[in-house]
Amino acid sequence: MEMEFRDQVVIVTGAGNGLGRQHALALAARGAKVVVNDFSPPITAADGTTATPADLVVREIQAAGGTAMAFNCSVTDEAAVAAMVAATMAAWGRIDILVNNAGILRDKSFSKMPLDDFRLIVDVHLMGAAICTQAVWNIMRAQKYGRVVMTTSSSGLYGNFGQANYGAAKMALVGLMQTLSIEGARDGIHVNCLAPTAATKMTEGIMPPAVLEKLAPESVTPGLLYLVSKEAPTRVILCAGAGTFERAYITMTAGVHIGTGDDAAERVAENFEAISDRGDETVPMDGSAQGLNEVGKAMAALAGDEEYGR
């Protein structure tokens, strides 16, 4: 059955260009009413008229027969985000989907990185997503329905030279998603992460043209559509790029009980290969899994269970 979003209301942040624009266009094409949020300044056309990138995306949606409105504000501005949400509710009466896509880069090796650049990236990516999500959260709770996507990155999941600030913020979004997916479950709110590899204004000059062609934003958006659909899973990290989709997991090995003796540090070193063995690793359902595993092994050891206590 075709995935459609008729009568659903969507806010896409950072939607004036790149991935956000493509997400907004695709959702509108499938029937959603779309709020195109962006913070980019107005552009002057050849005829002397000016319009913001968000305005241009709205015109594109409307020209194709869709419904959209623009809202220019920074996702870090709490009052402006609240006004955007209020305007959306006044116009359409509900908010079904939030796509946290807004972002910037300030790449530099950590030794040379001004801490102001670190704070700025965390503010836009992490706090911006938190501000926007909290602004719609109680609306979704009252509706008993909602879909929220955080845009994470392989730079956060796996690291990338020169992106300590970006990677830290992007991995923090995974932590935010993990907890919100638990808190939102009883109210029908599904929260997921999308880790895109796409050619956007942020990646110009980083990759050769032949590679950039394969990494068009259009190759990522199908994954986004699934993550915000009625059939969406929750608590998923979906990686996407060049038409390929992968899933990332935060896992935990079974571990080894070492105890707390005077030689515990040495025993950790001696047993580190066994501690790291992934044969029985799990994907914990919540943060308590670590403590339960540790206490369970300690109790087994106390009871003298050699098979499980180790």
# chains A, B, ... in the order shown; residues from 1 in each chain; ligands from 1
>>> residues_around(residues="region 52-61 of chain A", least_positions_apart="3", cutoff="12 Å", atoms="only C-alpha atoms", output="PDB file with N, CA and C atoms, in the first residue's frame")
ATOM      1  N   VAL A  12       9.041  20.741   9.323  1.00  0.00           N
ATOM      2  CA  VAL A  12      10.392  20.328   8.934  1.00  0.00           C
ATOM      3  C   VAL A  12      11.322  21.506   9.176  1.00  0.00           C
ATOM      4  N   THR A  13      12.290  21.342  10.053  1.00  0.00           N
ATOM      5  CA  THR A  13      13.235  22.432  10.329  1.00  0.00           C
ATOM      6  C   THR A  13      14.406  22.372   9.352  1.00  0.00           C
ATOM      7  N   GLY A  14      14.992  23.536   9.095  1.00  0.00           N
ATOM      8  CA  GLY A  14      16.088  23.604   8.142  1.00  0.00           C
ATOM      9  C   GLY A  14      15.664  23.149   6.761  1.00  0.00           C
ATOM     10  N   ALA A  15      14.461  23.528   6.354  1.00  0.00           N
ATOM     11  CA  ALA A  15      13.861  22.996   5.128  1.00  0.00           C
ATOM     12  C   ALA A  15      13.981  23.923   3.929  1.00  0.00           C
ATOM     13  N   GLY A  16      14.810  24.951   4.019  1.00  0.00           N
ATOM     14  CA  GLY A  16      14.957  25.868   2.892  1.00  0.00           C
ATOM     15  C   GLY A  16      15.857  25.333   1.799  1.00  0.00           C
ATOM     16  N   ASN A  17      16.707  24.367   2.155  1.00  0.00           N
ATOM     17  CA  ASN A  17      17.658  23.812   1.191  1.00  0.00           C
ATOM     18  C   ASN A  17      17.922  22.350   1.519  1.00  0.00           C
ATOM     19  N   GLY A  18      18.631  21.674   0.615  1.00  0.00           N
ATOM     20  CA  GLY A  18      19.182  20.354   0.880  1.00  0.00           C
ATOM     21  C   GLY A  18      18.177  19.318   1.323  1.00  0.00           C
ATOM     22  N   GLY A  20      16.366  19.015   4.088  1.00  0.00           N
ATOM     23  CA  GLY A  20      15.104  19.498   4.627  1.00  0.00           C
ATOM     24  C   GLY A  20      14.126  19.870   3.532  1.00  0.00           C
ATOM     25  N   ARG A  21      14.625  20.529   2.508  1.00  0.00           N
ATOM     26  CA  ARG A  21      13.771  20.884   1.361  1.00  0.00           C
ATOM     27  C   ARG A  21      13.184  19.629   0.724  1.00  0.00           C
ATOM     28  N   GLN A  22      14.025  18.631   0.499  1.00  0.00           N
ATOM     29  CA  GLN A  22      13.549  17.406  -0.137  1.00  0.00           C
ATOM     30  C   GLN A  22      12.535  16.687   0.739  1.00  0.00           C
ATOM     31  N   HIS A  23      12.788  16.650   2.051  1.00  0.00           N
ATOM     32  CA  HIS A  23      11.807  16.046   2.970  1.00  0.00           C
ATOM     33  C   HIS A  23      10.461  16.766   2.860  1.00  0.00           C
ATOM     34  N   ALA A  24      10.501  18.099   2.866  1.00  0.00           N
ATOM     35  CA  ALA A  24       9.265  18.888   2.809  1.00  0.00           C
ATOM     36  C   ALA A  24       8.509  18.644   1.507  1.00  0.00           C
ATOM     37  N   LEU A  25       9.229  18.636   0.392  1.00  0.00           N
ATOM     38  CA  LEU A  25       8.592  18.401  -0.908  1.00  0.00           C
ATOM     39  C   LEU A  25       7.951  17.022  -0.974  1.00  0.00           C
ATOM     40  N   ALA A  26       8.662  16.018  -0.489  1.00  0.00           N
ATOM     41  CA  ALA A  26       8.146  14.647  -0.556  1.00  0.00           C
ATOM     42  C   ALA A  26       6.922  14.462   0.331  1.00  0.00           C
ATOM     43  N   LEU A  27       6.942  15.035   1.530  1.00  0.00           N
ATOM     44  CA  LEU A  27       5.796  14.922   2.430  1.00  0.00           C
ATOM     45  C   LEU A  27       4.583  15.649   1.860  1.00  0.00           C
ATOM     46  N   ALA A  28       4.814  16.827   1.293  1.00  0.00           N
ATOM     47  CA  ALA A  28       3.710  17.579   0.681  1.00  0.00           C
ATOM     48  C   ALA A  28       3.133  16.836  -0.513  1.00  0.00           C
ATOM     49  N   ALA A  29       3.995  16.210  -1.303  1.00  0.00           N
ATOM     50  CA  ALA A  29       3.542  15.476  -2.485  1.00  0.00           C
ATOM     51  C   ALA A  29       2.653  14.294  -2.104  1.00  0.00           C
ATOM     52  N   ARG A  30       2.831  13.810  -0.867  1.00  0.00           N
ATOM     53  CA  ARG A  30       2.026  12.683  -0.390  1.00  0.00           C
ATOM     54  C   ARG A  30       0.868  13.134   0.495  1.00  0.00           C
ATOM     55  N   GLY A  31       0.532  14.424   0.435  1.00  0.00           N
ATOM     56  CA  GLY A  31      -0.685  14.918   1.059  1.00  0.00           C
ATOM     57  C   GLY A  31      -0.553  15.679   2.354  1.00  0.00           C
ATOM     58  N   ALA A  32       0.654  15.790   2.910  1.00  0.00           N
ATOM     59  CA  ALA A  32       0.817  16.483   4.190  1.00  0.00           C
ATOM     60  C   ALA A  32       0.732  17.998   4.021  1.00  0.00           C
ATOM     61  N   LYS A  33       0.261  18.659   5.072  1.00  0.00           N
ATOM     62  CA  LYS A  33       0.367  20.106   5.178  1.00  0.00           C
ATOM     63  C   LYS A  33       1.705  20.384   5.862  1.00  0.00           C
ATOM     64  N   VAL A  34       2.541  21.198   5.237  1.00  0.00           N
ATOM     65  CA  VAL A  34       3.924  21.307   5.684  1.00  0.00           C
ATOM     66  C   VAL A  34       4.276  22.718   6.135  1.00  0.00           C
ATOM     67  N   VAL A  35       4.868  22.812   7.325  1.00  0.00           N
ATOM     68  CA  VAL A  35       5.490  24.056   7.780  1.00  0.00           C
ATOM     69  C   VAL A  35       6.961  23.970   7.403  1.00  0.00           C
ATOM     70  N   VAL A  36       7.376  24.887   6.539  1.00  0.00           N
ATOM     71  CA  VAL A  36       8.762  24.925   6.074  1.00  0.00           C
ATOM     72  C   VAL A  36       9.520  25.913   6.952  1.00  0.00           C
ATOM     73  N   ASN A  37      10.294  25.385   7.883  1.00  0.00           N
ATOM     74  CA  ASN A  37      11.077  26.241   8.775  1.00  0.00           C
ATOM     75  C   ASN A  37      12.494  26.396   8.257  1.00  0.00           C
ATOM     76  N   ASP A  38      13.020  27.605   8.319  1.00  0.00           N
ATOM     77  CA  ASP A  38      14.416  27.840   7.940  1.00  0.00           C
ATOM     78  C   ASP A  38      14.856  29.176   8.539  1.00  0.00           C
ATOM     79  N   PHE A  39      16.169  29.342   8.640  1.00  0.00           N
ATOM     80  CA  PHE A  39      16.719  30.557   9.212  1.00  0.00           C
ATOM     81  C   PHE A  39      17.576  31.320   8.199  1.00  0.00           C
ATOM     82  N   SER A  40      17.599  30.835   6.952  1.00  0.00           N
ATOM     83  CA  SER A  40      18.437  31.462   5.932  1.00  0.00           C
ATOM     84  C   SER A  40      17.877  32.826   5.546  1.00  0.00           C
ATOM     85  N   PRO A  41      18.747  33.797   5.250  1.00  0.00           N
ATOM     86  CA  PRO A  41      18.294  35.144   4.883  1.00  0.00           C
ATOM     87  C   PRO A  41      17.662  35.180   3.497  1.00  0.00           C
ATOM     88  N   PRO A  42      16.941  36.253   3.180  1.00  0.00           N
ATOM     89  CA  PRO A  42      16.306  36.380   1.867  1.00  0.00           C
ATOM     90  C   PRO A  42      17.319  36.367   0.726  1.00  0.00           C
ATOM     91  N   ILE A  43      16.857  35.888  -0.425  1.00  0.00           N
ATOM     92  CA  ILE A  43      17.658  35.845  -1.651  1.00  0.00           C
ATOM     93  C   ILE A  43      17.063  36.838  -2.633  1.00  0.00           C
ATOM     94  N   THR A  44      17.916  37.614  -3.295  1.00  0.00           N
ATOM     95  CA  THR A  44      17.442  38.572  -4.297  1.00  0.00           C
ATOM     96  C   THR A  44      17.525  37.938  -5.678  1.00  0.00           C
ATOM     97  N   ALA A  45      16.394  37.888  -6.362  1.00  0.00           N
ATOM     98  CA  ALA A  45      16.325  37.301  -7.697  1.00  0.00           C
ATOM     99  C   ALA A  45      16.800  38.299  -8.749  1.00  0.00           C
ATOM    100  N   THR A  49      13.319  41.056  -6.963  1.00  0.00           N
ATOM    101  CA  THR A  49      12.449  40.625  -5.867  1.00  0.00           C
ATOM    102  C   THR A  49      13.236  39.753  -4.885  1.00  0.00           C
ATOM    103  N   ALA A  64       2.778  22.821  -7.041  1.00  0.00           N
ATOM    104  CA  ALA A  64       2.515  21.415  -7.339  1.00  0.00           C
ATOM    105  C   ALA A  64       1.161  20.962  -6.773  1.00  0.00           C
ATOM    106  N   GLY A  65       0.411  21.908  -6.202  1.00  0.00           N
ATOM    107  CA  GLY A  65      -0.909  21.587  -5.673  1.00  0.00           C
ATOM    108  C   GLY A  65      -0.933  21.243  -4.202  1.00  0.00           C
ATOM    109  N   GLY A  66       0.179  21.434  -3.511  1.00  0.00           N
ATOM    110  CA  GLY A  66       0.264  21.100  -2.100  1.00  0.00           C
ATOM    111  C   GLY A  66      -0.058  22.272  -1.192  1.00  0.00           C
ATOM    112  N   THR A  67      -0.011  22.014   0.108  1.00  0.00           N
ATOM    113  CA  THR A  67      -0.330  23.021   1.119  1.00  0.00           C
ATOM    114  C   THR A  67       0.873  23.211   2.032  1.00  0.00           C
ATOM    115  N   ALA A  68       1.295  24.467   2.172  1.00  0.00           N
ATOM    116  CA  ALA A  68       2.473  24.732   3.001  1.00  0.00           C
ATOM    117  C   ALA A  68       2.487  26.179   3.457  1.00  0.00           C
ATOM    118  N   MET A  69       3.223  26.429   4.523  1.00  0.00           N
ATOM    119  CA  MET A  69       3.497  27.801   4.943  1.00  0.00           C
ATOM    120  C   MET A  69       4.926  27.876   5.453  1.00  0.00           C
ATOM    121  N   ALA A  70       5.513  29.050   5.316  1.00  0.00           N
ATOM    122  CA  ALA A  70       6.898  29.266   5.738  1.00  0.00           C
ATOM    123  C   ALA A  70       6.930  29.889   7.121  1.00  0.00           C
ATOM    124  N   PHE A  71       7.979  29.546   7.868  1.00  0.00           N
ATOM    125  CA  PHE A  71       8.212  30.199   9.148  1.00  0.00           C
ATOM    126  C   PHE A  71       9.710  30.335   9.320  1.00  0.00           C
ATOM    127  N   ASN A  72      10.178  31.575   9.223  1.00  0.00           N
ATOM    128  CA  ASN A  72      11.606  31.849   9.339  1.00  0.00           C
ATOM    129  C   ASN A  72      11.979  32.128  10.787  1.00  0.00           C
ATOM    130  N   CYS A  73      12.729  31.200  11.388  1.00  0.00           N
ATOM    131  CA  CYS A  73      13.250  31.440  12.728  1.00  0.00           C
ATOM    132  C   CYS A  73      14.343  30.438  13.021  1.00  0.00           C
TER     133      CYS A  73
END
>>> residues_around(residues="Thr251 (chain A)", least_positions_apart="3", cutoff="7 Å", atoms="only C-alpha atoms", output="list in words")
Glu281, Thr282, Val283 and Pro284 of chain A
>>> write_last_selection(atoms="N, CA and C atoms", output="PDB file, in the first residue's frame")
ATOM      1  N   GLU A 281      26.169 -10.441  22.625  1.00  0.00           N
ATOM      2  CA  GLU A 281      25.786  -9.049  22.869  1.00  0.00           C
ATOM      3  C   GLU A 281      24.290  -8.854  22.652  1.00  0.00           C
ATOM      4  N   THR A 282      23.745  -7.841  23.297  1.00  0.00           N
ATOM      5  CA  THR A 282      22.318  -7.538  23.222  1.00  0.00           C
ATOM      6  C   THR A 282      22.116  -6.066  22.881  1.00  0.00           C
ATOM      7  N   VAL A 283      20.891  -5.735  22.482  1.00  0.00           N
ATOM      8  CA  VAL A 283      20.468  -4.343  22.323  1.00  0.00           C
ATOM      9  C   VAL A 283      19.570  -4.038  23.506  1.00  0.00           C
ATOM     10  N   PRO A 284      20.084  -3.362  24.531  1.00  0.00           N
ATOM     11  CA  PRO A 284      19.292  -3.129  25.750  1.00  0.00           C
ATOM     12  C   PRO A 284      18.005  -2.354  25.469  1.00  0.00           C
TER      13      PRO A 284
END
>>> closest_atom_pairs(of="region 131-169 of chain A", to="region 102-113 of chain A", cutoff="7 Å", atoms="only C-alpha atoms", output="JSON lines")
{"residue": "A:Phe161", "atom": "CA", "partner": "A:Ser109", "partner_atom": "CA", "distance": 6.8}
{"residue": "A:Gly162", "atom": "CA", "partner": "A:Ser109", "partner_atom": "CA", "distance": 4.1}
{"residue": "A:Gln163", "atom": "CA", "partner": "A:Asp107", "partner_atom": "CA", "distance": 5.4}
{"residue": "A:Ala164", "atom": "CA", "partner": "A:Phe110", "partner_atom": "CA", "distance": 6.3}
{"residue": "A:Tyr166", "atom": "CA", "partner": "A:Leu105", "partner_atom": "CA", "distance": 6.9}
>>> atom_distance(atom1="CA of Ala142 (chain A)", atom2="CA of Trp92 (chain A)")
15.4 Å
>>> closest_residue(among="A:Ala129, A:Leu238, A:Val122, A:Met140", to="Gly184 (chain A)", atoms="only C-alpha atoms")
A:Met140
>>> closest_residue(among="A:Ile131, A:Ala298, A:Cys239, A:Leu126", to="Thr221 (chain A)", atoms="only C-alpha atoms")
A:Cys239
>>> select_by_dssp(residues="region 140-308 of chain A", states="helix (DSSP H, G or I)", output="PyMOL selection string")
chain A and resi 140-143+154-157+164-187+201-203+209-214+217-219+221-227+264-270+272-276+288-302+306-308
>>> select_by_dssp(residues="region 221-286 of chain A", states="strand (DSSP E)", output="PyMOL selection string")
chain A and resi 237-241+244-248
>>> atom_distance(atom1="CA of Leu120 (chain A)", atom2="CA of Ala79 (chain A)")
18.3 Å
>>> atom_distance(atom1="CA of Gly259 (chain A)", atom2="CA of Val295 (chain A)")
11.0 Å
